[in-house]
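Text of input30.json (JSON, C-alpha atoms) as supplied:
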```
[["chain", "number", "residue", "atom", "x", "y", "z"],
["A", 28, "VAL", "CA", 15.35, -31.02, -2.14],
["A", 29, "GLN", "CA", 12.01, -29.33, -1.47],
["A", 30, "LEU", "CA", 10.95, -25.86, -0.42],
["A", 31, "VAL", "CA", 7.53, -25.83, 1.21],
["A", 32, "GLU", "CA", 5.74, -22.52, 1.70],
["A", 33, "SER", "CA", 2.93, -21.96, 4.17],
["A", 34, "GLY", "CA", 1.06, -19.10, 5.81],
["A", 35, "GLY", "CA", -0.83, -17.72, 2.85],
["A", 36, "GLY", "CA", -4.49, -16.86, 3.01],
["A", 37, "SER", "CA", -7.09, -14.15, 2.65],
["A", 38, "VAL", "CA", -6.86, -10.94, 4.60],
["A", 39, "GLN", "CA", -8.40, -7.50, 4.54],
["A", 40, "THR", "CA", -6.53, -4.38, 3.51],
["A", 41, "GLY", "CA", -4.26, -3.29, 6.32],
["A", 42, "GLY", "CA", -3.95, -6.77, 7.73],
["A", 43, "SER", "CA", -0.88, -8.93, 8.26],
["A", 44, "LEU", "CA", 0.36, -12.37, 7.28],
["A", 45, "ARG", "CA", 3.57, -14.26, 7.90],
["A", 46, "LEU", "CA", 4.76, -16.63, 5.25],
["A", 47, "SER", "CA", 7.13, -19.48, 6.08],
["A", 48, "CYS", "CA", 9.39, -21.55, 3.86],
["A", 49, "ALA", "CA", 10.80, -24.76, 5.28],
["A", 50, "PRO", "CA", 13.41, -26.33, 3.02],
["A", 51, "SER", "CA", 14.29, -29.97, 3.19],
["A", 52, "GLY", "CA", 17.63, -31.03, 1.84],
["A", 53, "LEU", "CA", 19.27, -27.64, 2.02],
["A", 54, "SER", "CA", 20.16, -25.11, 4.68],
["A", 55, "VAL", "CA", 18.90, -21.51, 4.58],
["A", 56, "SER", "CA", 22.33, -20.57, 5.93],
["A", 57, "ASP", "CA", 24.12, -21.83, 2.83],
["A", 58, "PHE", "CA", 22.07, -20.12, 0.12],
["A", 59, "SER", "CA", 20.70, -16.76, -0.85],
["A", 60, "MET", "CA", 17.00, -16.95, -0.12],
["A", 61, "ALA", "CA", 14.23, -14.88, -1.61],
["A", 62, "TRP", "CA", 10.51, -14.40, -1.88],
["A", 63, "PHE", "CA", 8.92, -13.80, -5.26],
["A", 64, "ARG", "CA", 5.32, -13.16, -6.16],
["A", 65, "GLN", "CA", 3.22, -13.46, -9.26],
["A", 66, "SER", "CA", 0.20, -11.23, -9.28],
["A", 67, "PRO", "CA", -2.71, -11.75, -11.69],
["A", 68, "GLY", "CA", -1.78, -10.60, -15.18],
["A", 69, "LYS", "CA", 1.80, -9.79, -14.19],
["A", 70, "GLU", "CA", 5.16, -11.45, -14.43],
["A", 71, "ARG", "CA", 6.81, -12.99, -11.41],
["A", 72, "GLU", "CA", 8.76, -10.38, -9.45],
["A", 73, "ALA", "CA", 11.27, -10.47, -6.63],
["A", 74, "VAL", "CA", 9.80, -9.11, -3.41],
["A", 75, "ALA", "CA", 12.54, -9.59, -0.84],
["A", 76, "ALA", "CA", 15.87, -11.36, -0.55],
["A", 77, "ILE", "CA", 18.35, -12.25, 2.14],
["A", 78, "ARG", "CA", 21.92, -13.21, 1.43],
["A", 79, "ARG", "CA", 24.06, -15.75, 3.24],
["A", 80, "ASP", "CA", 25.57, -12.85, 5.21],
["A", 81, "ASP", "CA", 22.03, -11.74, 6.20],
["A", 82, "LEU", "CA", 22.06, -8.64, 4.04],
["A", 83, "THR", "CA", 18.49, -7.94, 2.92],
["A", 84, "ALA", "CA", 16.89, -6.20, -0.02],
["A", 85, "TYR", "CA", 13.32, -5.29, -0.91],
["A", 86, "THR", "CA", 11.41, -4.14, -3.92],
["A", 87, "ASP", "CA", 10.31, -0.54, -3.46],
["A", 88, "SER", "CA", 6.60, -1.30, -3.19],
["A", 89, "VAL", "CA", 7.05, -3.35, 0.00],
["A", 90, "LYS", "CA", 9.77, -1.38, 1.80],
["A", 91, "GLY", "CA", 8.69, -0.53, 5.32],
["A", 92, "ARG", "CA", 5.86, -3.09, 5.24],
["A", 93, "PHE", "CA", 7.53, -6.46, 4.63],
["A", 94, "THR", "CA", 10.41, -8.05, 6.52],
["A", 95, "ILE", "CA", 12.39, -11.06, 5.35],
["A", 96, "SER", "CA", 14.23, -13.12, 7.93],
["A", 97, "LYS", "CA", 15.58, -16.57, 8.52],
["A", 98, "ASP", "CA", 15.78, -18.76, 11.59],
["A", 99, "LYS", "CA", 18.89, -20.84, 11.19],
["A", 100, "ALA", "CA", 18.04, -23.10, 14.13],
["A", 101, "LYS", "CA", 14.66, -23.95, 12.60],
["A", 102, "ASN", "CA", 16.05, -23.81, 9.06],
["A", 103, "THR", "CA", 13.11, -21.66, 8.03],
["A", 104, "LEU", "CA", 12.70, -18.54, 5.94],
["A", 105, "TYR", "CA", 10.00, -16.01, 6.79],
["A", 106, "LEU", "CA", 8.27, -13.08, 5.19],
["A", 107, "GLN", "CA", 6.36, -10.87, 7.62],
["A", 108, "MET", "CA", 3.87, -8.81, 5.67],
["A", 109, "ASN", "CA", 2.17, -5.89, 7.37],
["A", 110, "ASN", "CA", -0.23, -3.22, 6.15],
["A", 111, "LEU", "CA", -1.21, -5.41, 3.23],
["A", 112, "LYS", "CA", -2.73, -3.85, 0.15],
["A", 113, "PRO", "CA", -4.86, -5.34, -2.64],
["A", 114, "GLU", "CA", -1.89, -5.02, -5.00],
["A", 115, "ASP", "CA", 0.01, -7.47, -2.78],
["A", 116, "THR", "CA", -2.35, -10.20, -3.94],
["A", 117, "GLY", "CA", -0.63, -13.05, -5.73],
["A", 118, "VAL", "CA", 1.10, -16.37, -5.41],
["A", 119, "TYR", "CA", 4.21, -16.08, -3.27],
["A", 120, "TYR", "CA", 7.16, -18.35, -3.98],
["A", 121, "CYS", "CA", 10.20, -19.13, -1.88],
["A", 122, "ALA", "CA", 13.48, -19.61, -3.74],
["A", 123, "ALA", "CA", 17.00, -20.67, -2.85],
["A", 124, "SER", "CA", 19.96, -19.87, -5.06],
["A", 125, "ASP", "CA", 23.73, -19.92, -5.22],
["A", 126, "CYS", "CA", 25.22, -17.62, -7.87],
["A", 127, "ARG", "CA", 28.56, -19.38, -7.56],
["A", 128, "THR", "CA", 27.14, -22.61, -8.96],
["A", 129, "GLY", "CA", 24.01, -21.44, -10.76],
["A", 130, "TYR", "CA", 21.88, -23.58, -8.48],
["A", 131, "GLU", "CA", 18.32, -22.54, -7.81],
["A", 132, "LYS", "CA", 15.29, -24.21, -6.31],
["A", 133, "TRP", "CA", 11.71, -23.01, -6.08],
["A", 134, "GLY", "CA", 8.80, -23.85, -3.88],
["A", 135, "GLN", "CA", 5.31, -24.56, -5.12],
["A", 136, "GLY", "CA", 3.88, -21.23, -3.97],
["A", 137, "THR", "CA", 1.26, -20.06, -1.52],
["A", 138, "GLN", "CA", -1.68, -17.81, -2.36],
["A", 139, "VAL", "CA", -2.11, -14.43, -0.70],
["A", 140, "THR", "CA", -5.33, -12.54, -1.31],
["A", 141, "VAL", "CA", -5.90, -9.02, 0.02],
["A", 142, "SER", "CA", -9.33, -7.47, -0.35]]
```

Have the structure of the file written as C-alpha cells, please.
Amino acid sequence: VQLVESGGGSVQTGGSLRLSCAPSGLSVSDFSMAWFRQSPGKEREAVAAIRRDDLTAYTDSVKGRFTISKDKAKNTLYLQMNNLKPEDTGVYYCAASDCRTGYEKWGQGTQVTVS
C-alpha cells in the first residue's frame, strides 16, 4: 500500500495550489482520509479530514480557504488551497485510517512554500 502526494510547490501569498493523493492498494472510499502538515519548528497537525460518509472537518486556520474532497472514480484525494498565507508553509501529508481496526497509512509528503 502506498499513498503518493503531488501538487506541492512554491506560491506567493494569496495564491492557490491543489494537492493530490493517489493511493495504491486501498480505496479512498473505504477509509477516513486526511491531510496533515508539519510547518518548520512545529508539530504535525491535522488540516482537513473527510470520512467515509463524506463528512468533512477543518482546522480553524484553514476554514473558508481549503477544501478537501475525494474522487472515488479516480481513487484520489484532493486538497484545494486558496488564499494561501506564509503560515501555510510546510510539508503536507496524506493519511488513510480506519478507527475500527487501528489501521493507518501515511504518504511521504509534499512541500508547500508560501512567500

**Asked** Contacts of A:Leu46 at 9 Å or less, counting all atoms listed in the file, minus same-chain residues fewer than 2 places along, as number ranges by chain?
**Response** A: 32-35, 44, 48, 104-108, 119, 137

**Message:** Give me, as JSON, numbers by chain, all polymer residues having an atom no more than 6 Å from A:Leu111, counting all atoms listed in the file and skipping those fewer than 2 positions away in the same chain.
**Reply:** {"A": [40, 41, 42, 109]}

**Message:** So that I can see what lies close to A:Thr140, please list as a ChimeraX atom specification the residues with an atom at most 8 Å from it, counting all atoms listed in the file and leaving out residues fewer than 5 positions away in the same chain.
**Reply:** /A:36-38,113,115-117

**Item:** Proximity to A:Asn102 - best of A:Ser54, A:Gln39, A:Thr128, A:Thr83, only C-alpha atoms
**Value:**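 Among the listed residues, the smallest separation from A:Asn102 belongs to A:Ser54.
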
Spatial neighbours of stretch 87-89 of chain A, max dist 9 Å, all atoms listed in the file, sep filter under 2 positions, as a PDB file with C-alpha atoms, in the frame of the given file:
```
ATOM      1  CA  VAL A  74       9.800  -9.110  -3.410  1.00  0.00           C
ATOM      2  CA  ALA A  75      12.540  -9.590  -0.840  1.00  0.00           C
ATOM      3  CA  TYR A  85      13.320  -5.290  -0.910  1.00  0.00           C
ATOM      4  CA  GLY A  91       8.690  -0.530   5.320  1.00  0.00           C
ATOM      5  CA  ARG A  92       5.860  -3.090   5.240  1.00  0.00           C
ATOM      6  CA  PHE A  93       7.530  -6.460   4.630  1.00  0.00           C
ATOM      7  CA  THR A  94      10.410  -8.050   6.520  1.00  0.00           C
ATOM      8  CA  MET A 108       3.870  -8.810   5.670  1.00  0.00           C
ATOM      9  CA  ASP A 115       0.010  -7.470  -2.780  1.00  0.00           C
TER      10      ASP A 115
END
```

**Request:** Excluding A:Leu53 and any residue of its chain fewer than 5 positions from it, enumerate the residues within 10 Å of it, using only C-alpha atoms, and give them as a VMD selection string.
**Result:** chain A and resid 28 to 30 58 102 123 132

**Request:** Could you tell me how far atom CA of A:Trp62 lies from atom CA of A:Ile95, in Å and to one decimal?
**Result:**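 We find that atom CA of A:Trp62 and atom CA of A:Ile95 lie 8.2 Å from each other.
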
**Item:** Closest of A:Lys90, A:Arg71, A:Arg78, A:Lys97 to A:Tyr120 - atom-to-atom distances counting all atoms listed in the file
**Value:** A:Arg71

Test item: axis-aligned box, all listed atoms of stretch 53-62 of chain A, 3 Å on each side, centre and edges in Å rounded to one decimal, as lines of an AutoDock Vina configuration file:
```
center_x = 17.3
center_y = -21.0
center_z = 2.0
size_x = 19.6
size_y = 19.2
size_z = 13.8
```

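With distances taken over only C-alpha atoms, A:Arg79 is the one residue among A:Arg79, A:Lys112, A:Arg127, A:Lys101 lying closest to A:Ser59.
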
**Request:** Could you jot down the atom CA of A:Ala84 to atom CA of A:Phe63 separation for me, Å, one decimal place?
**Result:** 12.2 Å

Fix up stretch 31-53 of chain A with N, CA and C atoms, then write it as a CSV table (one decimal), keeping the file's coordinate frame.
```
chain,number,residue,atom,x,y,z
A,31,VAL,N,9.0,-25.8,1.0
A,31,VAL,CA,7.5,-25.8,1.2
A,31,VAL,C,7.1,-24.5,1.9
A,32,GLU,N,6.3,-23.8,1.2
A,32,GLU,CA,5.7,-22.5,1.7
A,32,GLU,C,4.4,-22.8,2.5
A,33,SER,N,4.2,-21.9,3.4
A,33,SER,CA,2.9,-22.0,4.2
A,33,SER,C,2.6,-20.6,4.7
A,34,GLY,N,1.4,-20.4,5.2
A,34,GLY,CA,1.1,-19.1,5.8
A,34,GLY,C,0.2,-18.2,4.9
A,35,GLY,N,0.0,-18.6,3.7
A,35,GLY,CA,-0.8,-17.7,2.8
A,35,GLY,C,-2.3,-17.8,3.3
A,36,GLY,N,-3.1,-16.9,2.7
A,36,GLY,CA,-4.5,-16.9,3.0
A,36,GLY,C,-5.1,-15.6,2.5
A,37,SER,N,-6.3,-15.3,3.0
A,37,SER,CA,-7.1,-14.2,2.6
A,37,SER,C,-7.1,-13.2,3.8
A,38,VAL,N,-6.9,-11.9,3.6
A,38,VAL,CA,-6.9,-10.9,4.6
A,38,VAL,C,-7.4,-9.6,4.1
A,39,GLN,N,-7.9,-8.8,4.9
A,39,GLN,CA,-8.4,-7.5,4.5
A,39,GLN,C,-7.3,-6.5,4.4
A,40,THR,N,-7.5,-5.5,3.7
A,40,THR,CA,-6.5,-4.4,3.5
A,40,THR,C,-6.1,-3.9,4.9
A,41,GLY,N,-4.8,-3.7,5.0
A,41,GLY,CA,-4.3,-3.3,6.3
A,41,GLY,C,-3.9,-4.4,7.3
A,42,GLY,N,-4.3,-5.6,6.9
A,42,GLY,CA,-4.0,-6.8,7.7
A,42,GLY,C,-2.5,-7.3,7.6
A,43,SER,N,-2.2,-8.4,8.3
A,43,SER,CA,-0.9,-8.9,8.3
A,43,SER,C,-0.9,-10.4,8.0
A,44,LEU,N,0.1,-10.9,7.4
A,44,LEU,CA,0.4,-12.4,7.3
A,44,LEU,C,1.8,-12.6,7.4
A,45,ARG,N,2.2,-13.8,7.9
A,45,ARG,CA,3.6,-14.3,7.9
A,45,ARG,C,3.7,-15.5,7.1
A,46,LEU,N,4.5,-15.5,6.1
A,46,LEU,CA,4.8,-16.6,5.2
A,46,LEU,C,6.0,-17.3,5.8
A,47,SER,N,6.0,-18.7,5.7
A,47,SER,CA,7.1,-19.5,6.1
A,47,SER,C,7.6,-20.4,4.9
A,48,CYS,N,8.8,-20.6,4.9
A,48,CYS,CA,9.4,-21.6,3.9
A,48,CYS,C,10.3,-22.5,4.6
A,49,ALA,N,10.0,-23.8,4.6
A,49,ALA,CA,10.8,-24.8,5.3
A,49,ALA,C,11.5,-25.7,4.3
A,50,PRO,N,12.7,-25.5,4.0
A,50,PRO,CA,13.4,-26.3,3.0
A,50,PRO,C,13.8,-27.7,3.6
A,51,SER,N,13.7,-28.7,2.8
A,51,SER,CA,14.3,-30.0,3.2
A,51,SER,C,15.4,-30.3,2.2
A,52,GLY,N,16.5,-30.7,2.7
A,52,GLY,CA,17.6,-31.0,1.8
A,52,GLY,C,18.6,-29.9,1.6
A,53,LEU,N,18.3,-28.7,2.1
A,53,LEU,CA,19.3,-27.6,2.0
A,53,LEU,C,19.1,-26.7,3.2
```
